[in-house]
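Containing PDB, C-alpha atoms: run_37.pdb.
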ATOM      1  CA  MET J  13     -18.980 -31.891  57.322
ATOM      2  CA  THR J  14     -16.269 -29.857  55.578
ATOM      3  CA  ASP J  15     -16.386 -28.527  52.024
ATOM      4  CA  ARG J  16     -12.632 -28.709  51.692
ATOM      5  CA  PRO J  17     -11.241 -30.796  48.834
ATOM      6  CA  GLN J  18      -9.655 -34.060  49.946
ATOM      7  CA  THR J  19      -5.849 -34.167  50.013
ATOM      8  CA  ALA J  20      -5.934 -36.984  47.441
ATOM      9  CA  GLU J  21      -7.650 -34.615  44.996
ATOM     10  CA  LEU J  22      -5.637 -31.535  45.903
ATOM     11  CA  GLY J  23      -2.231 -33.180  45.420
ATOM     12  CA  PRO J  24      -2.659 -33.891  41.686
ATOM     13  CA  ALA J  25      -4.046 -30.383  41.141
ATOM     14  CA  ILE J  26      -0.954 -28.846  42.751
ATOM     15  CA  ALA J  27       1.306 -31.138  40.712
ATOM     16  CA  LEU J  28      -0.412 -29.987  37.531
ATOM     17  CA  VAL J  29       0.095 -26.322  38.461
ATOM     18  CA  LEU J  30       3.794 -26.973  39.082
ATOM     19  CA  LEU J  31       4.053 -28.702  35.698
ATOM     20  CA  ALA J  32       2.187 -25.878  33.964
ATOM     21  CA  ASN J  33       4.582 -23.311  35.396
ATOM     22  CA  LEU J  34       7.556 -25.418  34.312
ATOM     23  CA  LEU J  35       6.207 -25.287  30.758
ATOM     24  CA  PHE J  36       5.617 -21.527  31.001
ATOM     25  CA  ALA J  37       9.164 -21.035  32.307
ATOM     26  CA  THR J  38      10.419 -23.032  29.320
ATOM     27  CA  VAL J  39       8.545 -20.628  27.061
ATOM     28  CA  ASP J  40      10.163 -17.589  28.697
ATOM     29  CA  SER J  41      13.662 -19.093  28.737
ATOM     30  CA  SER J  42      13.343 -20.049  25.066
ATOM     31  CA  THR J  43      11.997 -16.609  24.222
ATOM     32  CA  LYS J  44      14.969 -14.948  25.920
ATOM     33  CA  TRP J  45      17.326 -17.047  23.813
ATOM     34  CA  LEU J  46      15.383 -16.301  20.618
ATOM     35  CA  LEU J  47      15.360 -12.556  21.288
ATOM     36  CA  ALA J  48      19.138 -12.700  21.602
ATOM     37  CA  ALA J  49      19.153 -14.513  18.245
ATOM     38  CA  GLY J  50      17.487 -11.498  16.622
ATOM     39  CA  LEU J  51      13.764 -12.318  16.508
ATOM     40  CA  GLY J  52      11.233  -9.648  17.448
ATOM     41  CA  VAL J  53       9.050  -9.740  20.540
ATOM     42  CA  LEU J  54       5.770  -9.298  18.662
ATOM     43  CA  GLN J  55       6.820 -11.876  16.086
ATOM     44  CA  LEU J  56       7.395 -14.421  18.830
ATOM     45  CA  ALA J  57       4.071 -13.560  20.468
ATOM     46  CA  PHE J  58       2.273 -14.127  17.175
ATOM     47  CA  LEU J  59       4.035 -17.466  16.624
ATOM     48  CA  ARG J  60       3.163 -18.507  20.155
ATOM     49  CA  TYR J  61      -0.569 -18.105  19.508
ATOM     50  CA  ALA J  62      -0.446 -19.301  15.890
ATOM     51  CA  VAL J  63       1.107 -22.625  16.919
ATOM     52  CA  HIS J  64      -1.328 -22.818  19.831
ATOM     53  CA  CYS J  65      -4.185 -22.342  17.361
ATOM     54  CA  GLY J  66      -2.743 -24.887  14.923
ATOM     55  CA  ILE J  67      -2.475 -27.593  17.585
ATOM     56  CA  THR J  68      -6.057 -27.114  18.723
ATOM     57  CA  LEU J  69      -7.319 -27.145  15.111
ATOM     58  CA  VAL J  70      -5.518 -30.436  14.489
ATOM     59  CA  GLU J  71      -7.014 -31.804  17.692
ATOM     60  CA  SER J  72     -10.447 -30.688  16.484
ATOM     61  CA  ALA J  73      -9.925 -32.499  13.172
ATOM     62  CA  VAL J  74      -8.912 -35.683  14.988
ATOM     63  CA  ARG J  75     -11.977 -35.487  17.197
ATOM     64  CA  GLY J  76     -14.187 -34.912  14.180
ATOM     65  CA  ARG J  77     -16.220 -32.181  15.794
ATOM     66  CA  VAL J  78     -16.116 -29.470  18.420
ATOM     67  CA  VAL J  79     -18.904 -29.476  20.979
ATOM     68  CA  ALA J  80     -20.852 -26.233  20.767
ATOM     69  CA  LEU J  81     -20.641 -23.963  23.771
ATOM     70  CA  PRO J  82     -23.774 -23.508  25.850
ATOM     71  CA  ALA J  83     -25.151 -20.005  25.340
ATOM     72  CA  ARG J  84     -24.524 -19.090  28.986
ATOM     73  CA  ASP J  85     -20.794 -19.858  28.645
ATOM     74  CA  ARG J  86     -19.945 -18.219  25.323
ATOM     75  CA  ALA J  87     -19.337 -14.746  26.695
ATOM     76  CA  LEU J  88     -17.259 -16.090  29.610
ATOM     77  CA  VAL J  89     -15.055 -18.255  27.369
ATOM     78  CA  LEU J  90     -14.436 -15.305  25.047
ATOM     79  CA  LEU J  91     -13.702 -13.043  28.017
ATOM     80  CA  ARG J  92     -11.246 -15.614  29.361
ATOM     81  CA  ALA J  93      -9.415 -15.718  26.032
ATOM     82  CA  PHE J  94      -9.425 -11.927  25.780
ATOM     83  CA  CYS J  95      -7.902 -11.641  29.269
ATOM     84  CA  LEU J  96      -4.915 -13.789  28.306
ATOM     85  CA  VAL J  97      -4.327 -12.295  24.864
ATOM     86  CA  SER J  98      -4.751  -8.679  25.958
ATOM     87  CA  SER J  99      -2.450  -9.198  28.948
ATOM     88  CA  THR J 100       0.201 -10.496  26.531
ATOM     89  CA  VAL J 101      -0.119  -7.422  24.310
ATOM     90  CA  VAL J 102       0.036  -4.923  27.202
ATOM     91  CA  ASN J 103       2.917  -6.806  28.783
ATOM     92  CA  PHE J 104       4.919  -6.546  25.540
ATOM     93  CA  ILE J 105       4.225  -2.806  25.344
ATOM     94  CA  ALA J 106       5.549  -2.302  28.877
ATOM     95  CA  LEU J 107       8.556  -4.578  28.265
ATOM     96  CA  GLY J 108       9.752  -2.135  25.619
ATOM     97  CA  VAL J 109      10.158   0.555  28.305
ATOM     98  CA  LEU J 110      10.470  -1.016  31.759
ATOM     99  CA  PRO J 111      13.093  -3.385  33.205
ATOM    100  CA  LEU J 112      11.978  -7.000  33.372
ATOM    101  CA  ALA J 113      12.255  -6.907  37.189
ATOM    102  CA  VAL J 114       9.587  -4.213  37.397
ATOM    103  CA  THR J 115       7.147  -5.786  34.936
ATOM    104  CA  SER J 116       7.472  -9.266  36.427
ATOM    105  CA  SER J 117       7.026  -8.081  40.025
ATOM    106  CA  ILE J 118       3.886  -6.138  39.154
ATOM    107  CA  LEU J 119       2.547  -9.090  37.159
ATOM    108  CA  PHE J 120       2.949 -11.294  40.226
ATOM    109  CA  LEU J 121       0.209  -9.305  41.904
ATOM    110  CA  ALA J 122      -2.027 -11.706  39.955
ATOM    111  CA  PRO J 123      -2.120 -14.447  42.659
ATOM    112  CA  VAL J 124      -3.138 -11.845  45.258
ATOM    113  CA  LEU J 125      -5.865 -10.544  42.966
ATOM    114  CA  THR J 126      -6.926 -14.120  42.182
ATOM    115  CA  VAL J 127      -7.874 -14.640  45.813
ATOM    116  CA  ILE J 128      -9.928 -11.449  45.748
ATOM    117  CA  PHE J 129     -11.674 -12.255  42.437
ATOM    118  CA  ALA J 130     -12.323 -15.813  43.574
ATOM    119  CA  ARG J 131     -14.097 -14.427  46.617
ATOM    120  CA  LEU J 132     -16.169 -11.973  44.549
ATOM    121  CA  LEU J 133     -17.051 -14.266  41.624
ATOM    122  CA  LEU J 134     -16.923 -17.782  43.046
ATOM    123  CA  GLY J 135     -17.695 -17.198  46.700
ATOM    124  CA  GLU J 136     -14.498 -18.955  47.792
ATOM    125  CA  ALA J 137     -13.545 -18.397  51.399
ATOM    126  CA  LEU J 138     -11.027 -15.642  52.061
ATOM    127  CA  THR J 139      -9.354 -17.204  55.078
ATOM    128  CA  PRO J 140      -6.458 -15.654  56.997
ATOM    129  CA  ALA J 141      -4.248 -18.609  56.020
ATOM    130  CA  ARG J 142      -4.856 -18.011  52.296
ATOM    131  CA  ILE J 143      -4.165 -14.320  52.610
ATOM    132  CA  CYS J 144      -0.972 -14.932  54.582
ATOM    133  CA  ALA J 145       0.248 -17.608  52.154
ATOM    134  CA  VAL J 146      -0.261 -15.493  49.061
ATOM    135  CA  CYS J 147       1.315 -12.432  50.663
ATOM    136  CA  LEU J 148       4.244 -14.553  51.859
ATOM    137  CA  GLY J 149       4.788 -15.853  48.343
ATOM    138  CA  PHE J 150       4.536 -12.355  46.921
ATOM    139  CA  SER J 151       7.126 -11.180  49.451
ATOM    140  CA  GLY J 152       9.442 -13.911  48.193
ATOM    141  CA  VAL J 153       9.046 -12.663  44.633
ATOM    142  CA  LEU J 154       9.878  -9.118  45.724
ATOM    143  CA  VAL J 155      13.005 -10.350  47.517
ATOM    144  CA  ILE J 156      14.147 -12.176  44.372
ATOM    145  CA  VAL J 157      13.524  -9.493  41.761
ATOM    146  CA  GLY J 158      14.346  -6.438  43.943
ATOM    147  CA  PRO J 159      11.911  -4.225  42.017
ATOM    148  CA  PHE J 160      11.341  -0.485  41.858
ATOM    149  CA  SER J 161      14.986   0.508  42.121
ATOM    150  CA  GLY J 162      14.354   3.268  39.574
ATOM    151  CA  PRO J 163      11.583   5.800  39.013
ATOM    152  CA  VAL J 164       8.163   4.325  38.264
ATOM    153  CA  ASN J 165       6.370   5.817  35.278
ATOM    154  CA  VAL J 166       3.012   5.419  33.595
ATOM    155  CA  TYR J 167       4.067   2.120  32.024
ATOM    156  CA  ALA J 168       4.448   0.607  35.490
ATOM    157  CA  LEU J 169       0.861   1.599  36.216
ATOM    158  CA  LEU J 170      -0.117   0.096  32.866
ATOM    159  CA  MET J 171       1.253  -3.261  34.062
ATOM    160  CA  LEU J 172      -1.530  -3.408  36.627
ATOM    161  CA  TYR J 173      -3.829  -4.411  33.767
ATOM    162  CA  PRO J 174      -2.018  -7.695  32.935
ATOM    163  CA  ALA J 175      -1.971  -8.565  36.644
ATOM    164  CA  MET J 176      -5.739  -8.090  36.862
ATOM    165  CA  ALA J 177      -6.346  -9.832  33.531
ATOM    166  CA  VAL J 178      -4.334 -12.916  34.519
ATOM    167  CA  ALA J 179      -6.136 -13.079  37.872
ATOM    168  CA  LEU J 180      -9.506 -12.920  36.142
ATOM    169  CA  TYR J 181      -8.306 -15.538  33.634
ATOM    170  CA  ASN J 182      -7.468 -17.894  36.513
ATOM    171  CA  VAL J 183     -10.850 -17.437  38.165
ATOM    172  CA  LEU J 184     -12.753 -17.827  34.891
ATOM    173  CA  THR J 185     -10.803 -21.041  34.241
ATOM    174  CA  ARG J 186     -11.989 -22.403  37.588
ATOM    175  CA  MET J 187     -15.545 -21.237  36.885
ATOM    176  CA  LEU J 188     -15.702 -22.866  33.438
ATOM    177  CA  ALA J 189     -13.598 -25.993  33.960
ATOM    178  CA  ALA J 190     -16.514 -28.147  35.102
ATOM    179  CA  ARG J 191     -18.738 -27.184  32.138
ATOM    180  CA  VAL J 192     -16.435 -26.393  29.215
ATOM    181  CA  SER J 193     -13.770 -28.735  27.861
ATOM    182  CA  ALA J 194     -10.138 -27.678  28.035
ATOM    183  CA  HIS J 195      -9.992 -28.162  24.258
ATOM    184  CA  ARG J 196     -12.821 -25.707  23.618
ATOM    185  CA  MET J 197     -11.204 -23.053  25.809
ATOM    186  CA  GLN J 198      -7.819 -23.669  24.170
ATOM    187  CA  LEU J 199      -9.321 -23.266  20.701
ATOM    188  CA  THR J 200     -10.962 -19.962  21.555
ATOM    189  CA  THR J 201      -7.754 -18.574  23.050
ATOM    190  CA  GLY J 202      -5.624 -19.729  20.117
ATOM    191  CA  VAL J 203      -7.923 -18.288  17.463
ATOM    192  CA  LEU J 204      -8.350 -14.956  19.228
ATOM    193  CA  GLY J 205      -4.622 -14.604  19.916
ATOM    194  CA  THR J 206      -3.679 -15.447  16.333
ATOM    195  CA  VAL J 207      -6.141 -12.964  14.828
ATOM    196  CA  VAL J 208      -5.213 -10.137  17.193
ATOM    197  CA  LEU J 209      -1.431 -10.574  16.992
ATOM    198  CA  ALA J 210      -1.099 -11.450  13.290
ATOM    199  CA  PRO J 211      -0.855  -7.814  12.067
ATOM    200  CA  LEU J 212       1.717  -6.939  14.748
ATOM    201  CA  GLY J 213       3.771 -10.089  14.216
ATOM    202  CA  LEU J 214       3.852  -9.767  10.427
ATOM    203  CA  TRP J 215       4.772  -6.078  10.696
ATOM    204  CA  GLN J 216       7.827  -7.016  12.784
ATOM    205  CA  TRP J 217       8.607 -10.223  10.890
ATOM    206  CA  THR J 218      12.223 -11.365  10.547
ATOM    207  CA  ALA J 219      12.758 -14.693   8.796
ATOM    208  CA  PRO J 220      15.135 -16.909  10.838
ATOM    209  CA  SER J 221      18.030 -18.283   8.806
ATOM    210  CA  ASP J 222      18.926 -21.058  11.271
ATOM    211  CA  PRO J 223      16.634 -24.130  11.329
ATOM    212  CA  THR J 224      17.271 -24.437  15.073
ATOM    213  CA  VAL J 225      15.875 -20.957  15.621
ATOM    214  CA  TRP J 226      12.825 -21.826  13.521
ATOM    215  CA  ALA J 227      12.258 -25.023  15.496
ATOM    216  CA  LEU J 228      12.528 -23.311  18.869
ATOM    217  CA  ALA J 229      10.334 -20.400  17.746
ATOM    218  CA  LEU J 230       7.610 -22.877  16.846
ATOM    219  CA  ALA J 231       8.209 -24.940  19.989
ATOM    220  CA  ILE J 232       7.340 -22.059  22.331
ATOM    221  CA  GLY J 233       3.780 -22.204  21.007
ATOM    222  CA  ALA J 234       3.611 -25.923  21.753
ATOM    223  CA  PHE J 235       5.004 -25.415  25.260
ATOM    224  CA  ALA J 236       2.507 -22.611  25.917
ATOM    225  CA  TRP J 237      -0.382 -24.731  24.614
ATOM    226  CA  ALA J 238       0.645 -27.624  26.848
ATOM    227  CA  GLY J 239       1.004 -25.317  29.850
ATOM    228  CA  HIS J 240      -2.506 -23.938  29.512
ATOM    229  CA  GLU J 241      -3.897 -27.405  28.857
ATOM    230  CA  VAL J 242      -2.382 -28.644  32.115
ATOM    231  CA  LEU J 243      -3.386 -25.500  34.033
ATOM    232  CA  THR J 244      -7.006 -25.818  32.910
ATOM    233  CA  ARG J 245      -7.120 -29.407  34.161
ATOM    234  CA  ALA J 246      -5.534 -28.358  37.466
ATOM    235  CA  HIS J 247      -8.360 -25.908  38.149
ATOM    236  CA  ARG J 248     -10.859 -28.749  37.922
ATOM    237  CA  GLY J 249      -9.407 -30.265  41.074
ATOM    238  CA  ALA J 250      -8.963 -27.312  43.411
ATOM    239  CA  GLU J 251     -10.146 -23.797  44.124
ATOM    240  CA  ALA J 252      -8.413 -20.961  42.299
ATOM    241  CA  SER J 253      -7.346 -19.231  45.528
ATOM    242  CA  ILE J 254      -5.845 -22.493  46.845
ATOM    243  CA  LEU J 255      -3.690 -22.933  43.736
ATOM    244  CA  ALA J 256      -2.641 -19.271  43.589
ATOM    245  CA  PRO J 257       0.502 -19.466  45.806
ATOM    246  CA  PHE J 258       1.892 -22.342  43.732
ATOM    247  CA  GLY J 259       2.022 -19.983  40.751
ATOM    248  CA  TYR J 260       5.177 -18.570  42.329
ATOM    249  CA  SER J 261       6.987 -21.758  41.311
ATOM    250  CA  PHE J 262       7.379 -20.019  37.953
ATOM    251  CA  VAL J 263      10.029 -17.774  39.530
ATOM    252  CA  LEU J 264      11.958 -20.723  40.929
ATOM    253  CA  TYR J 265      12.037 -22.390  37.519
ATOM    254  CA  LEU J 266      13.373 -19.214  35.936
ATOM    255  CA  VAL J 267      16.102 -19.000  38.570
ATOM    256  CA  VAL J 268      17.245 -22.533  37.706
ATOM    257  CA  ALA J 269      17.049 -21.813  33.965
ATOM    258  CA  GLY J 270      19.074 -18.634  34.384
ATOM    259  CA  TRP J 271      21.715 -20.513  36.339
ATOM    260  CA  VAL J 272      21.975 -23.534  34.009
ATOM    261  CA  ILE J 273      21.410 -21.906  30.598
ATOM    262  CA  PHE J 274      22.619 -18.338  31.007
ATOM    263  CA  GLY J 275      25.185 -18.732  33.813
ATOM    264  CA  GLU J 276      23.333 -16.463  36.256
ATOM    265  CA  THR J 277      24.389 -17.609  39.739
ATOM    266  CA  PRO J 278      21.566 -17.325  42.312
ATOM    267  CA  SER J 279      22.182 -14.621  44.904
ATOM    268  CA  LEU J 280      21.386 -14.687  48.608
ATOM    269  CA  ALA J 281      18.243 -12.700  47.834
ATOM    270  CA  THR J 282      17.187 -15.348  45.305
ATOM    271  CA  LEU J 283      17.689 -18.176  47.781
ATOM    272  CA  THR J 284      15.846 -16.260  50.521
ATOM    273  CA  GLY J 285      12.942 -15.425  48.244
ATOM    274  CA  GLY J 286      12.738 -18.996  47.009
ATOM    275  CA  THR J 287      12.470 -20.241  50.574
ATOM    276  CA  LEU J 288       9.590 -17.838  51.254
ATOM    277  CA  ILE J 289       7.802 -19.051  48.114
ATOM    278  CA  ILE J 290       8.154 -22.703  49.094
ATOM    279  CA  CYS J 291       6.916 -21.947  52.620
ATOM    280  CA  ALA J 292       3.859 -20.218  51.158
ATOM    281  CA  GLY J 293       2.934 -23.298  49.181
ATOM    282  CA  LEU J 294       3.468 -25.592  52.148
ATOM    283  CA  LEU J 295       1.321 -23.346  54.339
ATOM    284  CA  VAL J 296      -1.621 -23.622  51.965
ATOM    285  CA  PHE J 297      -1.212 -27.389  51.595
ATOM    286  CA  ALA J 298      -1.026 -27.904  55.366
ATOM    287  CA  GLN J 299      -4.081 -25.708  55.928
ATOM    288  CA  ARG J 300      -6.092 -27.854  53.491
ATOM    289  CA  ARG J 301      -5.282 -31.194  55.147
ATOM    290  CA  PRO J 302      -8.265 -32.904  56.744
ATOM    291  CA  ALA J 303      -8.378 -32.580  60.504
TER     292      ALA J 303
END
Representation of the structure as structure tokens:
Amino acid sequence: MTDRPQTAELGPAIALVLLANLLFATVDSSTKWLLAAGLGVLQLAFLRYAVHCGITLVESAVRGRVVALPARDRALVLLRAFCLVSSTVVNFIALGVLPLAVTSSILFLAPVLTVIFARLLLGEALTPARICAVCLGFSGVLVIVGPFSGPVNVYALLMLYPAMAVALYNVLTRMLAARVSAHRMQLTTGVLGTVVLAPLGLWQWTAPSDPTVWALALAIGAFAWAGHEVLTRAHRGAEASILAPFGYSFVLYLVVAGWVIFGETPSLATLTGGTLIICAGLLVFAQRRPA
């Protein structure tokens, strides 16, 4: 008897991951537009978590109460939130020095590390097919972004931390999803992110004069909240290492957004890399089908 999840359960989990990455790509595309409009990076990061926190507080008020965390899960939920918030802070530090192609390519080591952490912490099988699929997807990302064209400095090494933190965040989400509600994890992340980033965001604050800019700046927090809500639910239906290759869909969404919104025509390298990413996802899905 196999311990593999049934295809009927895996399909919705994959769909939720694809939706989550669409929401995250919307956040990044909106942020790019807002940065061009004159808002600061740290200001936008603070707003992202402040809105996230506000939504979860409203949800708590509607529910009437928040279920207390079991003692055994408190440290893990806080660690999960810290992983996401700290990776955001370090990523912003590196973005001030490194090209986006370098930071994004290093950050996409996260799916590879997710497979490793899932093996160490969850005991998930580290099969050749999973390793090949994740590496194939990572190769597609490298083809698209063409990284490391310039000298790599200490900030590139610093970007290894966000990659590890995001991988650990993914595995902790899988570990906690069956015991802790998505709302409780969202609330912890929103509160921690707001408290940590408030001093930095207020220090860099620039008041938008255009209501459209204000609306979009607030919307990125809502999109991010929705993305993590969907991603948390996805990890209830499938193993973290199985979902990892589908995280590369984020790159495909950004390619489409760049083409449609910013007029960036996809190159041959982009099309080739996208094909590799899609093949990686299909390889994992085919490997999980019942015999």
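When all atoms listed in the file are used to compute distances to J:Val267, the closest of the residues J:Val70, J:Leu96, J:Val157, J:Leu54 turns out to be J:Val157.
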Might you spell out which residues the PyMOL selection byres ((chain J and resi 185) around 9) would select in the displayed file, as an NGL selection string?
:J and (89 or 92 or 180-184 or 186-189 or 197 or 243-244 or 247-248 or 252)
With only C-alpha atoms as the basis for distance, which of J:Ala73, J:Tyr167, J:Val127, J:Thr206 is at the shortest distance from J:Thr115?
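Checking each candidate against J:Thr115, we get J:Tyr167 as the closest.
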I'd like the interatomic distance between atom CA of J:Gly239 and atom CA of J:Ala32, to a tenth of an Å.
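These two atoms are separated by 4.3 Å.
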Expansion of the PyMOL selection byres ((chain J and resi 262) around 10) into residues, as a PDB file with C-alpha atoms, keeping the file's coordinate frame:
ATOM      1  CA  VAL J  29       0.095 -26.322  38.461  1.00  0.00           C
ATOM      2  CA  LEU J  30       3.794 -26.973  39.082  1.00  0.00           C
ATOM      3  CA  LEU J  31       4.053 -28.702  35.698  1.00  0.00           C
ATOM      4  CA  ALA J  32       2.187 -25.878  33.964  1.00  0.00           C
ATOM      5  CA  ASN J  33       4.582 -23.311  35.396  1.00  0.00           C
ATOM      6  CA  LEU J  34       7.556 -25.418  34.312  1.00  0.00           C
ATOM      7  CA  LEU J  35       6.207 -25.287  30.758  1.00  0.00           C
ATOM      8  CA  PHE J  36       5.617 -21.527  31.001  1.00  0.00           C
ATOM      9  CA  ALA J  37       9.164 -21.035  32.307  1.00  0.00           C
ATOM     10  CA  THR J  38      10.419 -23.032  29.320  1.00  0.00           C
ATOM     11  CA  ASP J  40      10.163 -17.589  28.697  1.00  0.00           C
ATOM     12  CA  PHE J 258       1.892 -22.342  43.732  1.00  0.00           C
ATOM     13  CA  GLY J 259       2.022 -19.983  40.751  1.00  0.00           C
ATOM     14  CA  TYR J 260       5.177 -18.570  42.329  1.00  0.00           C
ATOM     15  CA  SER J 261       6.987 -21.758  41.311  1.00  0.00           C
ATOM     16  CA  VAL J 263      10.029 -17.774  39.530  1.00  0.00           C
ATOM     17  CA  LEU J 264      11.958 -20.723  40.929  1.00  0.00           C
ATOM     18  CA  TYR J 265      12.037 -22.390  37.519  1.00  0.00           C
ATOM     19  CA  LEU J 266      13.373 -19.214  35.936  1.00  0.00           C
ATOM     20  CA  VAL J 267      16.102 -19.000  38.570  1.00  0.00           C
TER      21      VAL J 267
END
Rank nothing, just name the residue among J:Ala168, J:Ala49, J:Ala292, J:Ile67 nearest to J:Ile105, using all atoms listed in the file.
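Ranking J:Ala168, J:Ala49, J:Ala292, J:Ile67 by distance to J:Ile105, first place goes to J:Ala168.
Using only C-alpha atoms, the shortest contact distance between J:Leu255 and any of J:Val272, J:Leu170, J:Leu81, J:Ala145 is found at J:Ala145.
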If you measure from atom CA of J:Gly23 to atom CA of J:Gly293, what distance in Å do you get, rounded to one decimal?
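Those two atoms sit 11.8 Å apart.
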Separation of atom CA of J:Gly149 from atom CA of J:Ile290, in Å and rounded to one decimal
7.7 Å
Please write the residues picked by the PyMOL selection byres ((chain J and resi 174) around 7) on this file as number ranges by chain.
J: 99, 102-103, 119, 171-173, 175-178
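With all atoms listed in the file as the atoms that count, the minimum distance from J:Val242 to the choices J:Gln198, J:Ser72, J:Ser116, J:Thr43 is reached by J:Gln198.
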For J:Ala83, list every protein, DNA or RNA residue within 12 Å, evaluated using only C-alpha atoms, and leave out those in the same chain fewer than 6 positions away; present the list as an mmCIF file with C-alpha atoms, in the coordinates of the input.
data_model
loop_
_atom_site.group_PDB
_atom_site.id
_atom_site.type_symbol
_atom_site.label_atom_id
_atom_site.label_comp_id
_atom_site.auth_asym_id
_atom_site.auth_seq_id
_atom_site.Cartn_x
_atom_site.Cartn_y
_atom_site.Cartn_z
ATOM 1 C CA VAL J 89 -15.055 -18.255 27.369
ATOM 2 C CA LEU J 90 -14.436 -15.305 25.047
ATOM 3 C CA ARG J 191 -18.738 -27.184 32.138
ATOM 4 C CA VAL J 192 -16.435 -26.393 29.215
#
If you count only C-alpha atoms, which residues fall within 12 Å of J:Trp226, apart from same-chain ones fewer than 3 positions away, as a list of chain:residue names?
J:Ser42, J:Thr43, J:Leu46, J:Ala49, J:Gly50, J:Leu51, J:Gln55, J:Leu56, J:Leu59, J:Thr218, J:Ala219, J:Pro220, J:Ser221, J:Asp222, J:Pro223, J:Ala229, J:Leu230, J:Ala231, J:Ile232, J:Gly233
J:Val166, J:Ala141, J:Val74, J:Gln216: which is nearest J:His195, counting all atoms listed in the file?
J:Val74
